[in-house]
>>> print(open('model_37.tsv').read())   # TSV, C-alpha atoms
chain	number	residue	atom	x	y	z
A	1	MET	CA	-3.25	-21.90	-12.81
A	2	ARG	CA	-4.45	-20.57	-16.16
A	3	ASN	CA	-7.66	-19.24	-14.56
A	4	LEU	CA	-5.62	-17.36	-11.96
A	5	ARG	CA	-3.64	-15.65	-14.70
A	6	ILE	CA	-6.80	-14.69	-16.57
A	7	LEU	CA	-8.39	-13.39	-13.36
A	8	GLY	CA	-5.33	-11.26	-12.58
A	9	PHE	CA	-5.05	-9.80	-16.05
A	10	VAL	CA	-8.79	-9.06	-16.18
A	11	CYS	CA	-8.44	-7.24	-12.85
A	12	ALA	CA	-5.50	-5.26	-14.27
A	13	VAL	CA	-7.54	-4.25	-17.33
A	14	VAL	CA	-10.52	-3.23	-15.17
A	15	PHE	CA	-8.34	-0.95	-13.03
A	16	LEU	CA	-6.58	0.43	-16.09
A	17	ILE	CA	-9.90	1.29	-17.76
A	18	ALA	CA	-11.39	2.76	-14.57
A	19	ASP	CA	-8.28	4.89	-14.13
A	20	PHE	CA	-8.29	6.04	-17.75
A	21	VAL	CA	-12.01	6.92	-17.77
A	22	SER	CA	-11.83	8.79	-14.45
A	23	LYS	CA	-8.80	10.82	-15.56
A	24	TYR	CA	-10.41	11.56	-18.92
A	25	ALA	CA	-13.52	12.87	-17.14
A	26	VAL	CA	-11.49	15.04	-14.77
A	27	LEU	CA	-9.28	16.42	-17.54
A	28	SER	CA	-12.35	17.18	-19.68
A	29	TRP	CA	-14.03	18.98	-16.78
A	30	PHE	CA	-11.00	21.16	-16.07
A	31	ASP	CA	-10.22	21.75	-19.79
A	32	GLN	CA	-13.71	23.21	-20.15
A	33	GLY	CA	-13.00	25.74	-17.42
A	34	GLY	CA	-14.39	23.66	-14.57
A	35	GLU	CA	-13.37	24.52	-11.05
A	36	ALA	CA	-12.57	22.25	-8.13
A	37	ILE	CA	-15.61	20.21	-7.13
A	38	THR	CA	-16.50	20.05	-3.44
A	39	VAL	CA	-18.07	16.62	-2.97
A	40	THR	CA	-18.23	16.52	0.83
A	41	PRO	CA	-16.81	18.70	3.62
A	42	PHE	CA	-13.71	16.45	3.59
A	43	PHE	CA	-13.39	15.48	-0.09
A	44	ASN	CA	-12.78	17.52	-3.26
A	45	ILE	CA	-12.03	16.70	-6.85
A	46	ILE	CA	-9.16	18.86	-8.05
A	47	LEU	CA	-6.59	18.64	-10.83
A	48	ALA	CA	-2.94	18.06	-9.97
A	49	PHE	CA	0.02	16.75	-11.94
A	50	ASN	CA	2.54	14.69	-9.97
A	51	ARG	CA	5.96	14.71	-11.60
A	52	GLY	CA	7.49	12.57	-8.83
A	53	VAL	CA	6.65	9.16	-7.45
A	54	SER	CA	4.33	8.35	-4.56
A	55	PHE	CA	3.31	11.41	-2.57
A	56	GLY	CA	5.37	13.66	-4.84
A	57	MET	CA	8.70	12.26	-3.65
A	58	PHE	CA	11.67	12.44	-6.05
A	59	HIS	CA	10.04	15.21	-8.06
A	60	ALA	CA	11.36	15.01	-11.61
A	61	ASP	CA	11.80	18.51	-13.03
A	62	SER	CA	14.11	17.51	-15.87
A	63	PRO	CA	13.16	15.36	-18.86
A	64	TYR	CA	15.77	12.86	-17.71
A	65	GLY	CA	13.98	12.53	-14.38
A	66	VAL	CA	10.72	11.75	-16.16
A	67	TYR	CA	12.43	9.09	-18.29
A	68	THR	CA	14.15	7.62	-15.24
A	69	LEU	CA	10.87	7.35	-13.33
A	70	LEU	CA	9.20	5.93	-16.43
A	71	GLY	CA	11.95	3.31	-16.82
A	72	VAL	CA	11.70	2.28	-13.18
A	73	ALA	CA	7.89	2.03	-13.48
A	74	VAL	CA	8.15	-0.16	-16.57
A	75	ILE	CA	10.66	-2.49	-14.89
A	76	LEU	CA	8.51	-2.75	-11.75
A	77	SER	CA	5.41	-3.40	-13.86
A	78	ALA	CA	7.20	-6.24	-15.65
A	79	LEU	CA	8.17	-7.66	-12.27
A	80	VAL	CA	4.58	-7.44	-11.00
A	81	GLY	CA	3.36	-9.07	-14.23
A	82	THR	CA	5.79	-11.94	-13.60
A	83	TRP	CA	4.50	-12.34	-10.05
A	84	LEU	CA	0.93	-12.29	-11.35
A	85	TRP	CA	1.87	-15.08	-13.76
A	86	GLN	CA	3.13	-17.10	-10.76
A	87	ALA	CA	0.24	-16.28	-8.38
A	88	GLU	CA	-0.73	-19.21	-6.17
A	89	ASN	CA	-4.30	-18.24	-5.26
A	90	LYS	CA	-7.16	-15.93	-6.25
A	91	CYS	CA	-6.26	-13.27	-3.69
A	92	GLN	CA	-2.70	-12.98	-4.98
A	93	SER	CA	-3.89	-12.93	-8.58
A	94	ILE	CA	-6.39	-10.13	-7.88
A	95	CYS	CA	-3.85	-8.15	-5.85
A	96	PHE	CA	-1.13	-8.36	-8.49
A	97	GLY	CA	-3.75	-7.45	-11.10
A	98	MET	CA	-4.76	-4.34	-9.13
A	99	ILE	CA	-1.13	-3.30	-8.72
A	100	LEU	CA	-0.32	-3.94	-12.39
A	101	GLY	CA	-3.40	-2.06	-13.64
A	102	GLY	CA	-2.58	0.91	-11.42
A	103	ALA	CA	1.06	0.94	-12.47
A	104	LEU	CA	0.13	0.81	-16.16
A	105	GLY	CA	-2.35	3.66	-15.66
A	106	ASN	CA	0.35	5.85	-14.16
A	107	ILE	CA	2.84	4.82	-16.87
A	108	TYR	CA	0.31	5.93	-19.50
A	109	ASP	CA	0.10	9.34	-17.79
A	110	ARG	CA	3.89	9.75	-17.68
A	111	VAL	CA	4.15	8.96	-21.39
A	112	THR	CA	1.17	11.14	-22.36
A	113	TYR	CA	1.48	14.11	-19.97
A	114	GLY	CA	4.99	13.85	-18.52
A	115	ALA	CA	3.37	13.52	-15.09
A	116	VAL	CA	0.70	11.50	-13.31
A	117	VAL	CA	-2.80	13.02	-13.25
A	118	ASP	CA	-4.13	13.12	-9.67
A	119	PHE	CA	-7.55	14.38	-8.61
A	120	LEU	CA	-8.82	12.80	-5.37
A	121	ASP	CA	-8.27	15.31	-2.55
A	122	PHE	CA	-9.16	14.31	1.02
A	123	HIS	CA	-8.76	16.82	3.84
A	124	ALA	CA	-9.72	17.47	7.46
A	125	PHE	CA	-9.14	20.32	9.88
A	126	GLY	CA	-7.14	22.29	7.31
A	127	TYR	CA	-4.82	19.39	6.50
A	128	HIS	CA	-4.82	17.77	3.07
A	129	TRP	CA	-3.75	14.21	2.32
A	130	TYR	CA	-1.68	13.76	-0.83
A	131	THR	CA	-3.80	14.02	-3.96
A	132	PHE	CA	-4.13	10.67	-5.71
A	133	ASN	CA	-6.07	8.77	-8.39
A	134	ILE	CA	-7.75	5.42	-9.14
A	135	ALA	CA	-4.44	3.87	-10.24
A	136	ASP	CA	-2.90	4.76	-6.89
A	137	CYS	CA	-5.90	3.16	-5.15
A	138	GLY	CA	-5.30	-0.06	-7.08
A	139	ILE	CA	-1.61	-0.08	-6.16
A	140	VAL	CA	-2.14	0.65	-2.46
A	141	ILE	CA	-5.19	-1.58	-1.91
A	142	GLY	CA	-3.58	-4.39	-3.89
A	143	ALA	CA	-0.35	-4.13	-1.89
A	144	ILE	CA	-2.17	-4.06	1.47
A	145	LEU	CA	-4.37	-7.06	0.58
A	146	LEU	CA	-1.32	-8.92	-0.75
A	147	LEU	CA	0.52	-8.28	2.51
A	148	ILE	CA	-2.48	-9.55	4.50
A	149	ASP	CA	-2.61	-12.65	2.31
A	150	LEU	CA	1.10	-13.34	2.66
A	151	VAL	CA	1.21	-12.76	6.42
A	152	PHE	CA	-2.11	-14.16	7.62
A	153	LEU	CA	-3.82	-16.27	4.95
A	154	THR	CA	-1.14	-18.22	3.10
A	155	LYS	CA	-0.36	-21.50	4.81
A	156	LYS	CA	3.13	-21.62	6.25
A	157	GLU	CA	5.26	-24.71	6.40
A	158	ASP	CA	6.51	-25.73	9.81
A	159	PHE	CA	10.15	-24.88	10.46
A	160	ASN	CA	10.70	-27.84	12.83
>>> encode(input="model_37.tsv", output="structure tokens")
Amino acid sequence: MRNLRILGFVCAVVFLIADFVSKYAVLSWFDQGGEAITVTPFFNIILAFNRGVSFGMFHADSPYGVYTLLGVAVILSALVGTWLWQAENKCQSICFGMILGGALGNIYDRVTYGAVVDFLDFHAFGYHWYTFNIADCGIVIGAILLLIDLVFLTKKEDFN
């Protein structure tokens, strides 16, 4: 059990550091007058500040909105940390770690910038997906893998 907790928290720290370093690099590039970077015909690196939650929903224009979103994020992070502490297998531990690391990365942004720094911009045929970051990747990938684990991999007791 102790090893699962360590694994999960190490995963959280790895995602937190990767998110921090990537955002630092992007902010440095754009602070020095850098322009959007075209990586492929369908992927750019841009700079965007998301004052809402996922996909810009519940955009928080007032300071109270920022504090409300920050409070909700802190509460959810504590909940995820509790679930990580109670993880039953490696997959769950890693998934909760990814989610926790991503959540903490976005909390850091809200405290530091009043918004989440996003920079990954995928597009095709004139349509752009929502701009996101490494923290968001950790949250989404962790949640999807956790769902797969819970639905397909975790042994279920018979209900007979």
>>> closest_residue(input="model_37.tsv", among="A:Ala25, A:Val72, A:Ile37, A:Ile107", to="Phe122 (chain A)", atoms="only C-alpha atoms")
A:Ile37
>>> closest_residue(input="model_37.tsv", among="A:Gly102, A:Gly126, A:Gly114, A:Gly142", to="Asp19 (chain A)", atoms="only C-alpha atoms")
A:Gly102
>>> atom_distance(input="model_37.tsv", atom1="CA of Ser93 (chain A)", atom2="CA of Thr112 (chain A)")
28.2 Å
>>> closest_residue(input="model_37.tsv", among="A:Asn106, A:Leu84, A:Phe96, A:Gly101", to="Val14 (chain A)", atoms="all atoms listed in the file")
A:Gly101
>>> residues_around(input="model_37.tsv", residues="region 20-24 of chain A", least_positions_apart="5", cutoff="10 Å", atoms="all atoms listed in the file", output="MDAnalysis selection string")
chainID A and resid 14:15 29 47 102 105:106 108:109 116:119 133:135
>>> atom_distance(input="model_37.tsv", atom1="CA of Ile141 (chain A)", atom2="CA of Ile99 (chain A)")
8.1 Å
>>> atom_distance(input="model_37.tsv", atom1="CA of Asp121 (chain A)", atom2="CA of Leu69 (chain A)")
23.4 Å
>>> closest_residue(input="model_37.tsv", among="A:Pro41, A:Gly81, A:Gly138, A:Gly97", to="His123 (chain A)", atoms="all atoms listed in the file")
A:Pro41
>>> residues_around(input="model_37.tsv", residues="Trp83 (chain A)", least_positions_apart="5", cutoff="12 Å", atoms="all atoms listed in the file", output="PDB file with C-alpha atoms, in the frame of the given file")
ATOM      1  CA  LEU A   4      -5.620 -17.360 -11.960  1.00  0.00           C
ATOM      2  CA  ARG A   5      -3.640 -15.650 -14.700  1.00  0.00           C
ATOM      3  CA  GLY A   8      -5.330 -11.260 -12.580  1.00  0.00           C
ATOM      4  CA  PHE A   9      -5.050  -9.800 -16.050  1.00  0.00           C
ATOM      5  CA  LEU A  76       8.510  -2.750 -11.750  1.00  0.00           C
ATOM      6  CA  SER A  77       5.410  -3.400 -13.860  1.00  0.00           C
ATOM      7  CA  ALA A  78       7.200  -6.240 -15.650  1.00  0.00           C
ATOM      8  CA  GLU A  88      -0.730 -19.210  -6.170  1.00  0.00           C
ATOM      9  CA  ASN A  89      -4.300 -18.240  -5.260  1.00  0.00           C
ATOM     10  CA  GLN A  92      -2.700 -12.980  -4.980  1.00  0.00           C
ATOM     11  CA  SER A  93      -3.890 -12.930  -8.580  1.00  0.00           C
ATOM     12  CA  ILE A  94      -6.390 -10.130  -7.880  1.00  0.00           C
ATOM     13  CA  CYS A  95      -3.850  -8.150  -5.850  1.00  0.00           C
ATOM     14  CA  PHE A  96      -1.130  -8.360  -8.490  1.00  0.00           C
ATOM     15  CA  GLY A  97      -3.750  -7.450 -11.100  1.00  0.00           C
ATOM     16  CA  ILE A  99      -1.130  -3.300  -8.720  1.00  0.00           C
ATOM     17  CA  LEU A 100      -0.320  -3.940 -12.390  1.00  0.00           C
ATOM     18  CA  LEU A 146      -1.320  -8.920  -0.750  1.00  0.00           C
TER      19      LEU A 146
END
